[in-house]
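Text of start_35.json (JSON, C-alpha atoms) as supplied:
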[["chain", "number", "residue", "atom", "x", "y", "z"],
["G", 1, "MET", "CA", -19.49, 131.81, -20.10],
["G", 2, "ASN", "CA", -22.88, 131.44, -21.72],
["G", 3, "ASN", "CA", -24.51, 134.08, -23.93],
["G", 4, "TRP", "CA", -27.05, 135.05, -21.28],
["G", 5, "THR", "CA", -24.34, 135.85, -18.70],
["G", 6, "GLN", "CA", -22.21, 137.59, -21.34],
["G", 7, "ARG", "CA", -25.14, 139.78, -22.34],
["G", 8, "TRP", "CA", -25.62, 141.08, -18.79],
["G", 9, "ASP", "CA", -21.89, 141.48, -18.14],
["G", 10, "ASP", "CA", -21.65, 143.59, -21.30],
["G", 11, "ARG", "CA", -24.60, 145.72, -20.22],
["G", 12, "TYR", "CA", -23.25, 146.31, -16.71],
["G", 13, "LYS", "CA", -19.56, 146.88, -17.37],
["G", 14, "THR", "CA", -19.97, 150.48, -18.57],
["G", 15, "GLU", "CA", -19.35, 153.41, -16.25],
["G", 16, "GLU", "CA", -22.98, 154.55, -16.43],
["G", 17, "PHE", "CA", -25.73, 152.65, -14.64],
["G", 18, "ALA", "CA", -27.91, 150.74, -17.12],
["G", 19, "TYR", "CA", -31.10, 151.32, -15.08],
["G", 20, "GLY", "CA", -29.97, 154.32, -13.05],
["G", 21, "GLU", "CA", -29.02, 154.59, -9.39],
["G", 22, "GLU", "CA", -32.48, 155.44, -8.06],
["G", 23, "PRO", "CA", -34.81, 152.68, -6.82],
["G", 24, "ASN", "CA", -37.77, 151.49, -8.83],
["G", 25, "ASN", "CA", -40.85, 153.57, -7.94],
["G", 26, "TYR", "CA", -43.12, 150.63, -7.16],
["G", 27, "LEU", "CA", -40.53, 148.99, -4.93],
["G", 28, "LYS", "CA", -40.01, 152.28, -3.10],
["G", 29, "GLU", "CA", -43.72, 152.79, -2.55],
["G", 30, "GLN", "CA", -44.28, 149.21, -1.28],
["G", 31, "ILE", "CA", -41.18, 148.66, 0.85],
["G", 32, "GLU", "CA", -41.82, 151.84, 2.82],
["G", 33, "LYS", "CA", -45.08, 150.27, 4.08],
["G", 34, "LEU", "CA", -43.28, 147.29, 5.63],
["G", 35, "GLU", "CA", -41.44, 146.75, 8.88],
["G", 36, "THR", "CA", -37.76, 146.19, 8.20],
["G", 37, "GLY", "CA", -36.29, 142.69, 8.29],
["G", 38, "THR", "CA", -34.46, 140.40, 5.88],
["G", 39, "ILE", "CA", -35.02, 140.89, 2.16],
["G", 40, "LEU", "CA", -33.79, 139.16, -1.00],
["G", 41, "PHE", "CA", -33.35, 140.81, -4.41],
["G", 42, "PRO", "CA", -33.09, 138.19, -7.20],
["G", 43, "ALA", "CA", -31.54, 139.26, -10.55],
["G", 44, "GLU", "CA", -30.47, 142.48, -8.85],
["G", 45, "GLY", "CA", -28.02, 143.73, -11.48],
["G", 46, "GLU", "CA", -26.29, 146.95, -10.43],
["G", 47, "GLY", "CA", -27.93, 147.11, -7.02],
["G", 48, "ARG", "CA", -30.09, 150.25, -7.09],
["G", 49, "ASN", "CA", -33.03, 148.61, -5.29],
["G", 50, "ALA", "CA", -30.95, 146.58, -2.83],
["G", 51, "ILE", "CA", -29.00, 149.69, -1.79],
["G", 52, "PHE", "CA", -32.23, 151.63, -1.27],
["G", 53, "ALA", "CA", -33.50, 148.87, 1.06],
["G", 54, "ALA", "CA", -30.19, 148.80, 2.95],
["G", 55, "LYS", "CA", -30.47, 152.57, 3.51],
["G", 56, "LEU", "CA", -33.85, 151.90, 5.15],
["G", 57, "ASP", "CA", -32.07, 149.44, 7.52],
["G", 58, "TRP", "CA", -33.17, 146.21, 5.88],
["G", 59, "GLU", "CA", -30.74, 143.29, 6.07],
["G", 60, "VAL", "CA", -30.21, 142.85, 2.33],
["G", 61, "SER", "CA", -29.21, 139.83, 0.25],
["G", 62, "ALA", "CA", -29.06, 139.87, -3.54],
["G", 63, "PHE", "CA", -27.95, 137.67, -6.40],
["G", 64, "ASP", "CA", -27.37, 137.83, -10.13],
["G", 65, "ILE", "CA", -25.48, 135.87, -12.77],
["G", 66, "SER", "CA", -23.38, 138.93, -13.66],
["G", 67, "GLU", "CA", -20.07, 139.53, -11.89],
["G", 68, "GLU", "CA", -20.03, 143.01, -13.49],
["G", 69, "GLY", "CA", -23.43, 143.75, -11.93],
["G", 70, "ARG", "CA", -22.13, 142.74, -8.51],
["G", 71, "ASN", "CA", -19.04, 144.96, -8.89],
["G", 72, "LYS", "CA", -21.22, 147.97, -9.68],
["G", 73, "ALA", "CA", -23.61, 147.17, -6.81],
["G", 74, "LEU", "CA", -20.82, 146.92, -4.24],
["G", 75, "LYS", "CA", -19.38, 150.25, -5.42],
["G", 76, "LEU", "CA", -22.83, 151.83, -5.14],
["G", 77, "ALA", "CA", -23.26, 150.35, -1.65],
["G", 78, "GLU", "CA", -19.91, 151.79, -0.57],
["G", 79, "ALA", "CA", -20.80, 155.22, -2.00],
["G", 80, "ASN", "CA", -24.02, 155.11, 0.06],
["G", 81, "GLY", "CA", -22.35, 153.88, 3.25],
["G", 82, "VAL", "CA", -24.25, 150.57, 3.42],
["G", 83, "SER", "CA", -23.38, 146.90, 3.00],
["G", 84, "ILE", "CA", -25.26, 144.09, 1.25],
["G", 85, "ASP", "CA", -24.65, 140.37, 0.82],
["G", 86, "TYR", "CA", -24.43, 139.91, -2.97],
["G", 87, "GLN", "CA", -23.84, 136.44, -4.45],
["G", 88, "VAL", "CA", -23.16, 135.58, -8.09],
["G", 89, "GLY", "CA", -24.54, 132.46, -9.75],
["G", 90, "GLU", "CA", -27.67, 130.45, -10.50],
["G", 91, "LEU", "CA", -30.14, 130.34, -7.60],
["G", 92, "GLU", "CA", -29.81, 126.60, -6.88],
["G", 93, "THR", "CA", -26.02, 126.93, -6.40],
["G", 94, "LEU", "CA", -26.27, 129.78, -3.87],
["G", 95, "ASP", "CA", -26.14, 129.80, -0.14],
["G", 96, "PHE", "CA", -29.70, 130.69, 0.92],
["G", 97, "GLN", "CA", -31.80, 128.87, 3.52],
["G", 98, "GLU", "CA", -35.47, 127.87, 3.56],
["G", 99, "GLU", "CA", -37.63, 130.56, 5.16],
["G", 100, "GLN", "CA", -34.64, 132.90, 5.48],
["G", 101, "PHE", "CA", -36.41, 136.06, 4.31],
["G", 102, "ASP", "CA", -39.21, 138.36, 5.46],
["G", 103, "ALA", "CA", -39.56, 139.80, 1.96],
["G", 104, "ILE", "CA", -38.50, 139.10, -1.63],
["G", 105, "ALA", "CA", -38.46, 141.85, -4.25],
["G", 106, "LEU", "CA", -38.68, 140.76, -7.88],
["G", 107, "ILE", "CA", -38.14, 143.94, -9.85],
["G", 108, "TYR", "CA", -37.78, 143.27, -13.60],
["G", 109, "ALA", "CA", -36.38, 139.84, -12.72],
["G", 110, "HIS", "CA", -36.93, 138.38, -16.19],
["G", 111, "PHE", "CA", -35.39, 134.92, -16.00],
["G", 112, "PRO", "CA", -35.18, 132.80, -19.19],
["G", 113, "ALA", "CA", -38.68, 131.65, -20.17],
["G", 114, "ALA", "CA", -37.94, 127.95, -19.67],
["G", 115, "ILE", "CA", -37.03, 128.36, -15.99],
["G", 116, "LYS", "CA", -38.91, 131.44, -14.76],
["G", 117, "SER", "CA", -41.78, 129.54, -13.06],
["G", 118, "GLU", "CA", -39.34, 127.07, -11.50],
["G", 119, "ILE", "CA", -37.32, 129.94, -10.04],
["G", 120, "HIS", "CA", -40.47, 131.51, -8.57],
["G", 121, "LYS", "CA", -41.20, 128.17, -6.86],
["G", 122, "GLN", "CA", -37.65, 127.96, -5.48],
["G", 123, "LEU", "CA", -37.90, 131.54, -4.20],
["G", 124, "ASN", "CA", -41.16, 130.69, -2.47],
["G", 125, "GLN", "CA", -39.22, 128.20, -0.30],
["G", 126, "LEU", "CA", -36.91, 130.98, 0.88],
["G", 127, "LEU", "CA", -39.74, 133.19, 2.18],
["G", 128, "ARG", "CA", -41.17, 132.83, 5.69],
["G", 129, "LYS", "CA", -44.84, 132.38, 6.40],
["G", 130, "ASN", "CA", -46.51, 135.83, 6.29],
["G", 131, "GLY", "CA", -43.53, 137.05, 4.24],
["G", 132, "ILE", "CA", -44.16, 139.53, 1.43],
["G", 133, "ILE", "CA", -43.37, 139.38, -2.27],
["G", 134, "ILE", "CA", -43.11, 142.67, -4.19],
["G", 135, "PHE", "CA", -43.12, 142.13, -7.96],
["G", 136, "GLU", "CA", -42.99, 144.41, -10.99],
["G", 137, "ALA", "CA", -42.10, 143.16, -14.47],
["G", 138, "PHE", "CA", -43.20, 143.55, -18.06],
["G", 139, "SER", "CA", -46.55, 142.02, -19.05],
["G", 140, "LYS", "CA", -47.26, 140.02, -22.19],
["G", 141, "LYS", "CA", -48.98, 143.10, -23.62],
["G", 142, "HIS", "CA", -45.63, 144.91, -23.37],
["G", 143, "LEU", "CA", -44.52, 143.27, -26.62],
["G", 144, "GLU", "CA", -46.57, 145.89, -28.52],
["G", 145, "TYR", "CA", -44.86, 148.68, -26.57],
["G", 146, "VAL", "CA", -41.28, 147.49, -27.08],
["G", 147, "THR", "CA", -41.97, 146.95, -30.80],
["G", 148, "LYS", "CA", -42.92, 150.63, -31.08],
["G", 149, "ASN", "CA", -40.17, 151.91, -28.77],
["G", 150, "GLU", "CA", -37.04, 149.84, -28.13],
["G", 151, "LYS", "CA", -35.84, 152.36, -25.52],
["G", 152, "VAL", "CA", -38.49, 151.15, -23.06],
["G", 153, "GLY", "CA", -36.60, 147.84, -22.77],
["G", 154, "GLY", "CA", -37.79, 144.39, -21.82],
["G", 155, "PRO", "CA", -37.76, 140.96, -23.46],
["G", 156, "LYS", "CA", -38.91, 140.67, -27.06],
["G", 157, "ASP", "CA", -40.38, 137.17, -26.74],
["G", 158, "ILE", "CA", -43.84, 136.62, -25.28],
["G", 159, "GLU", "CA", -42.76, 133.62, -23.18],
["G", 160, "SER", "CA", -40.37, 135.75, -21.10],
["G", 161, "LEU", "CA", -43.14, 138.25, -20.28],
["G", 162, "PHE", "CA", -45.74, 137.81, -17.54],
["G", 163, "SER", "CA", -49.50, 137.52, -17.20],
["G", 164, "ILE", "CA", -51.77, 137.80, -14.15],
["G", 165, "GLU", "CA", -52.66, 134.11, -14.64],
["G", 166, "GLU", "CA", -48.98, 133.10, -14.49],
["G", 167, "ILE", "CA", -48.43, 135.00, -11.26],
["G", 168, "LYS", "CA", -51.47, 133.32, -9.69],
["G", 169, "ALA", "CA", -50.17, 129.94, -10.86],
["G", 170, "ASP", "CA", -46.59, 130.54, -9.66],
["G", 171, "PHE", "CA", -47.62, 131.91, -6.25],
["G", 172, "PRO", "CA", -50.78, 129.94, -5.36],
["G", 173, "ASN", "CA", -50.15, 130.01, -1.60],
["G", 174, "TYR", "CA", -50.35, 133.80, -1.28],
["G", 175, "GLU", "CA", -52.95, 136.25, -0.09],
["G", 176, "ILE", "CA", -53.12, 138.74, -2.96],
["G", 177, "ILE", "CA", -52.76, 142.27, -1.59],
["G", 178, "GLU", "CA", -52.47, 143.74, -5.07],
["G", 179, "LEU", "CA", -52.31, 142.20, -8.54],
["G", 180, "GLU", "CA", -52.84, 144.24, -11.69],
["G", 181, "GLU", "CA", -51.72, 144.86, -15.23],
["G", 182, "LYS", "CA", -50.98, 148.51, -15.73],
["G", 183, "GLU", "CA", -49.59, 151.01, -18.23],
["G", 184, "ILE", "CA", -46.83, 153.10, -16.65],
["G", 185, "GLU", "CA", -44.13, 155.57, -17.69],
["G", 186, "LEU", "CA", -40.60, 154.33, -17.07],
["G", 187, "ASN", "CA", -37.61, 156.61, -16.66],
["G", 188, "GLU", "CA", -34.85, 154.37, -15.30],
["G", 189, "GLY", "CA", -31.30, 154.87, -16.56],
["G", 190, "LEU", "CA", -30.36, 154.08, -20.15],
["G", 191, "PHE", "CA", -32.58, 151.08, -20.85],
["G", 192, "HIS", "CA", -36.04, 151.67, -19.32],
["G", 193, "ASN", "CA", -37.52, 154.76, -20.98],
["G", 194, "GLY", "CA", -41.06, 155.30, -22.19],
["G", 195, "THR", "CA", -44.54, 153.84, -21.86],
["G", 196, "ALA", "CA", -44.64, 150.23, -20.67],
["G", 197, "SER", "CA", -47.16, 147.58, -19.73],
["G", 198, "VAL", "CA", -46.35, 145.85, -16.45],
["G", 199, "ILE", "CA", -47.69, 143.35, -13.96],
["G", 200, "ARG", "CA", -47.59, 144.53, -10.36],
["G", 201, "PHE", "CA", -48.07, 142.10, -7.51],
["G", 202, "VAL", "CA", -47.83, 142.25, -3.74],
["G", 203, "GLY", "CA", -48.60, 139.00, -1.94],
["G", 204, "ARG", "CA", -48.39, 137.65, 1.60],
["G", 205, "LYS", "CA", -47.35, 134.01, 1.98],
["G", 206, "LYS", "CA", -50.00, 131.94, 3.76]]
Kindly transcribe the structure held in the file into structure tokens.
Amino acid sequence: MNNWTQRWDDRYKTEEFAYGEEPNNYLKEQIEKLETGTILFPAEGEGRNAIFAAKLDWEVSAFDISEEGRNKALKLAEANGVSIDYQVGELETLDFQEEQFDAIALIYAHFPAAIKSEIHKQLNQLLRKNGIIIFEAFSKKHLEYVTKNEKVGGPKDIESLFSIEEIKADFPNYEIIELEEKEIELNEGLFHNGTASVIRFVGRKK
């Protein structure tokens, strides 16, 4: 097992939920505007967002590299009386089809810096025309925030953080419904607490 996988397994194997059981606020606000359909949650961890979507009657798929994350997510799904398809592994090894999804939700899906743009391009293939991407993750400016307050969480290297320019470059074939850098207050479980700088993006695939 590599260090990256080990790190997430260690974070998710505790009884408590690392990022809480409630959905991310931005996801909640955006998904409630959409008609239900098929949705994919990459790097979904313990499942809080996927389970929220399933409760709204979305057909939910998710993946992560952490087996421990999947175990927690499936328990949470059972406790909420819903089911989700949750696969474990690297994206290219998983069983997803081109244009399978009506929506993809990237919520703090911080992939390793060297592959993050490549993964965005692979995910683009899985989304139908007119499909929606909902994205919230830490911005490059967030480095100042996490230096002052480790409890807010997020990567500590600039390359793993996002800029508006990167999002435009990674998703060039999208109508931008919303794209902004914003300071927000996070209160999500054990590891997202305090003032953060994020990029928020909603786009419709052309």
Practice task
Mind checking which residues fall within 12 Å of Glu180 in chain G, counting only C-alpha atoms, ignoring those fewer than 2 positions away in the same chain, and posting them as a list in words?
Solution key: Phe135, Glu136, Ala137, Phe138, Ser139, Phe162, Ser163, Ile164, Glu165, Ile167, Lys168, Ile176, Ile177, Glu178, Lys182, Glu183, Ile184, Ser197, Val198, Ile199, Arg200, Phe201, Val202 and Gly203 of chain G
Completion exercise
The distance between CA of Arg128 in chain G and CA of Thr36 in chain G is 14.0 Å
Exercise for the section: Step by step: start from the point (-36.8, 153.0, -17.8) in the file's coordinates, keep every protein, DNA or RNA residue that has an atom no farther than 10 Å from it, count all atoms listed in the file, and write the set as a ChimeraX atom specification. Expected result: /G:18-20,24,151-154,185-196
Restricting the output to C-alpha atoms, write the selected residues as a CSV table (one decimal), in the coordinates of the input.
chain,number,residue,atom,x,y,z
G,18,ALA,CA,-27.9,150.7,-17.1
G,19,TYR,CA,-31.1,151.3,-15.1
G,20,GLY,CA,-30.0,154.3,-13.0
G,24,ASN,CA,-37.8,151.5,-8.8
G,151,LYS,CA,-35.8,152.4,-25.5
G,152,VAL,CA,-38.5,151.2,-23.1
G,153,GLY,CA,-36.6,147.8,-22.8
G,154,GLY,CA,-37.8,144.4,-21.8
G,185,GLU,CA,-44.1,155.6,-17.7
G,186,LEU,CA,-40.6,154.3,-17.1
G,187,ASN,CA,-37.6,156.6,-16.7
G,188,GLU,CA,-34.8,154.4,-15.3
G,189,GLY,CA,-31.3,154.9,-16.6
G,190,LEU,CA,-30.4,154.1,-20.2
G,191,PHE,CA,-32.6,151.1,-20.8
G,192,HIS,CA,-36.0,151.7,-19.3
G,193,ASN,CA,-37.5,154.8,-21.0
G,194,GLY,CA,-41.1,155.3,-22.2
G,195,THR,CA,-44.5,153.8,-21.9
G,196,ALA,CA,-44.6,150.2,-20.7
Exercise for the section: Would you work out the distance separating CA of Asp170 in chain G from CA of Ile119 in chain G, expressed in Å to one decimal? Expected result: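 Computing the Euclidean distance for CA of Asp170 in chain G and CA of Ile119 in chain G yields 9.3 Å.
Closest approach to Phe171 in chain G among G:Lys141, G:Ile65, G:Ile132, G:Lys156 is made by G:Ile132 (distances from all atoms listed in the file).
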Completion exercise
Students should find that CA of Ala43 in chain G and CA of Glu16 in chain G are spaced 18.5 Å
Exercise for the section: May I ask which of the residues G:Tyr108, G:Tyr145, G:Tyr12, G:Phe96 is the closest one to Gln122 in chain G, counting only C-alpha atoms? Expected result: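 The shortest atom-to-atom distance to Gln122 in chain G comes from G:Phe96.
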Give me the residues near Glu35 in chain G as a compact mmCIF listing (two decimals) with C-alpha atoms, in the coordinates of the input, where near means some atom within 12 Å (using only C-alpha atoms) and where sequence neighbours in that chain fewer than 5 positions away do not count.
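Okay, selection.txt is ready:
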# COMPACT_ATOMS: atom_id res chain seq x y z
CA GLN G 30 -44.28 149.21 -1.28
CA ALA G 53 -33.50 148.87 1.06
CA LEU G 56 -33.85 151.90 5.15
CA ASP G 57 -32.07 149.44 7.52
CA TRP G 58 -33.17 146.21 5.88
CA GLU G 59 -30.74 143.29 6.07
CA ASP G 102 -39.21 138.36 5.46
CA ALA G 103 -39.56 139.80 1.96
CA GLY G 131 -43.53 137.05 4.24
CA ILE G 132 -44.16 139.53 1.43
Exercise for the section: Tell me which of G:Asn25, G:Glu98, G:Ala169, G:Ala54 sits closest to Glu118 in chain G, counting only C-alpha atoms. Expected result: G:Ala169
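Take the candidates G:Val88, G:Leu34, G:Leu143, G:Ala50 and check each one against Glu68 in chain G using all atoms listed in the file; the shortest distance goes to G:Val88.
Minimum atom-to-atom distance to Thr5 in chain G, evaluated using only C-alpha atoms, belongs to G:Glu90 out of G:Gln97, G:Asn130, G:Lys121, G:Glu90.
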Practice task
Just the residues within 10 Å of Asp157 in chain G, please, counting all atoms listed in the file, with nothing from its chain fewer than 2 positions along; format it as an MDAnalysis selection string.
Solution key: chainID G and resid 113 140 142:143 154:155 159:161
Practice task
Please return, as a PyMOL selection string, all polymer residues that have at least one atom within 12 Å of the point (-46.5, 126.7, 4.8); use all atoms listed in the file and the file's own coordinate frame.
Solution key: chain G and resi 98-99+124-131+172-174+204-206
Fill in the blank from the handout: Using all atoms listed in the file, the best pick from G:His120, G:Pro42, G:Val82, G:Ile107 as closest to Lys28 in chain G would be G:Ile107
Since fewer atoms than expected are present, regenerate all heavy atoms for range 131-142 of chain G and write them as a CSV table (one decimal), in the frame of the given file.
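Result file follows (out.csv):
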chain,number,residue,atom,x,y,z
G,131,GLY,N,-44.5,136.2,5.0
G,131,GLY,CA,-43.5,137.0,4.2
G,131,GLY,C,-44.2,137.7,3.0
G,131,GLY,O,-45.2,137.2,2.5
G,132,ILE,N,-43.6,138.7,2.5
G,132,ILE,CA,-44.2,139.5,1.4
G,132,ILE,C,-43.3,139.4,0.2
G,132,ILE,O,-42.1,139.5,0.2
G,132,ILE,CB,-44.2,141.0,1.8
G,132,ILE,CG1,-45.1,141.2,3.1
G,132,ILE,CG2,-44.7,141.9,0.7
G,132,ILE,CD1,-46.6,141.1,2.8
G,133,ILE,N,-44.0,139.3,-1.0
G,133,ILE,CA,-43.4,139.4,-2.3
G,133,ILE,C,-43.8,140.7,-2.9
G,133,ILE,O,-45.0,141.0,-2.9
G,133,ILE,CB,-43.7,138.2,-3.2
G,133,ILE,CG1,-42.8,137.0,-2.8
G,133,ILE,CG2,-43.5,138.5,-4.7
G,133,ILE,CD1,-42.8,135.9,-3.7
G,134,ILE,N,-42.8,141.5,-3.4
G,134,ILE,CA,-43.1,142.7,-4.2
G,134,ILE,C,-42.6,142.4,-5.6
G,134,ILE,O,-41.4,142.0,-5.8
G,134,ILE,CB,-42.4,143.9,-3.6
G,134,ILE,CG1,-42.8,144.1,-2.1
G,134,ILE,CG2,-42.7,145.1,-4.5
G,134,ILE,CD1,-41.9,145.1,-1.4
G,135,PHE,N,-43.5,142.5,-6.6
G,135,PHE,CA,-43.1,142.1,-8.0
G,135,PHE,C,-43.5,143.2,-9.0
G,135,PHE,O,-44.7,143.7,-8.9
G,135,PHE,CB,-43.9,140.8,-8.2
G,135,PHE,CG,-43.7,140.3,-9.7
G,135,PHE,CD1,-42.9,139.2,-9.9
G,135,PHE,CD2,-44.5,140.8,-10.7
G,135,PHE,CE1,-42.7,138.7,-11.2
G,135,PHE,CE2,-44.3,140.3,-12.0
G,135,PHE,CZ,-43.4,139.2,-12.2
G,136,GLU,N,-42.6,143.6,-9.8
G,136,GLU,CA,-43.0,144.4,-11.0
G,136,GLU,C,-42.1,143.9,-12.2
G,136,GLU,O,-40.9,143.8,-12.0
G,136,GLU,CB,-42.8,145.9,-10.8
G,136,GLU,CG,-43.2,146.7,-12.0
G,136,GLU,CD,-43.1,148.2,-11.8
G,136,GLU,OE1,-44.0,148.8,-11.2
G,136,GLU,OE2,-42.1,148.9,-12.3
G,137,ALA,N,-42.8,143.6,-13.3
G,137,ALA,CA,-42.1,143.2,-14.5
G,137,ALA,C,-43.0,143.4,-15.7
G,137,ALA,O,-44.2,143.6,-15.5
G,137,ALA,CB,-41.7,141.7,-14.4
G,138,PHE,N,-42.4,143.3,-16.8
G,138,PHE,CA,-43.2,143.6,-18.1
G,138,PHE,C,-44.3,142.5,-18.3
G,138,PHE,O,-44.0,141.3,-18.1
G,138,PHE,CB,-42.3,143.6,-19.3
G,138,PHE,CG,-41.3,144.8,-19.2
G,138,PHE,CD1,-39.9,144.6,-19.1
G,138,PHE,CD2,-41.8,146.1,-19.2
G,138,PHE,CE1,-39.1,145.7,-19.0
G,138,PHE,CE2,-40.9,147.2,-19.2
G,138,PHE,CZ,-39.5,147.0,-19.1
G,139,SER,N,-45.4,142.9,-18.7
G,139,SER,CA,-46.6,142.0,-19.0
G,139,SER,C,-46.5,141.6,-20.5
G,139,SER,O,-45.7,142.1,-21.3
G,139,SER,CB,-47.9,142.7,-18.8
G,139,SER,OG,-48.2,143.5,-19.9
G,140,LYS,N,-47.3,140.5,-20.8
G,140,LYS,CA,-47.3,140.0,-22.2
G,140,LYS,C,-47.7,141.1,-23.2
G,140,LYS,O,-47.2,141.1,-24.3
G,140,LYS,CB,-48.2,138.8,-22.3
G,140,LYS,CG,-47.6,137.6,-21.5
G,140,LYS,CD,-48.1,136.3,-21.8
G,140,LYS,CE,-47.6,135.1,-21.0
G,140,LYS,NZ,-46.2,134.8,-21.1
G,141,LYS,N,-48.5,142.0,-22.7
G,141,LYS,CA,-49.0,143.1,-23.6
G,141,LYS,C,-47.8,144.0,-24.0
G,141,LYS,O,-47.9,144.8,-25.0
G,141,LYS,CB,-50.1,143.9,-22.9
G,141,LYS,CG,-51.1,144.6,-23.8
G,141,LYS,CD,-52.0,145.4,-23.0
G,141,LYS,CE,-53.2,144.6,-22.4
G,141,LYS,NZ,-54.1,145.4,-21.6
G,142,HIS,N,-46.8,144.0,-23.2
G,142,HIS,CA,-45.6,144.9,-23.4
G,142,HIS,C,-44.9,144.7,-24.7
G,142,HIS,O,-44.3,145.6,-25.2
G,142,HIS,CB,-44.6,144.7,-22.2
G,142,HIS,CG,-43.4,145.7,-22.3
G,142,HIS,ND1,-43.6,147.0,-22.1
G,142,HIS,CD2,-42.1,145.5,-22.7
G,142,HIS,CE1,-42.4,147.6,-22.3
G,142,HIS,NE2,-41.5,146.7,-22.6
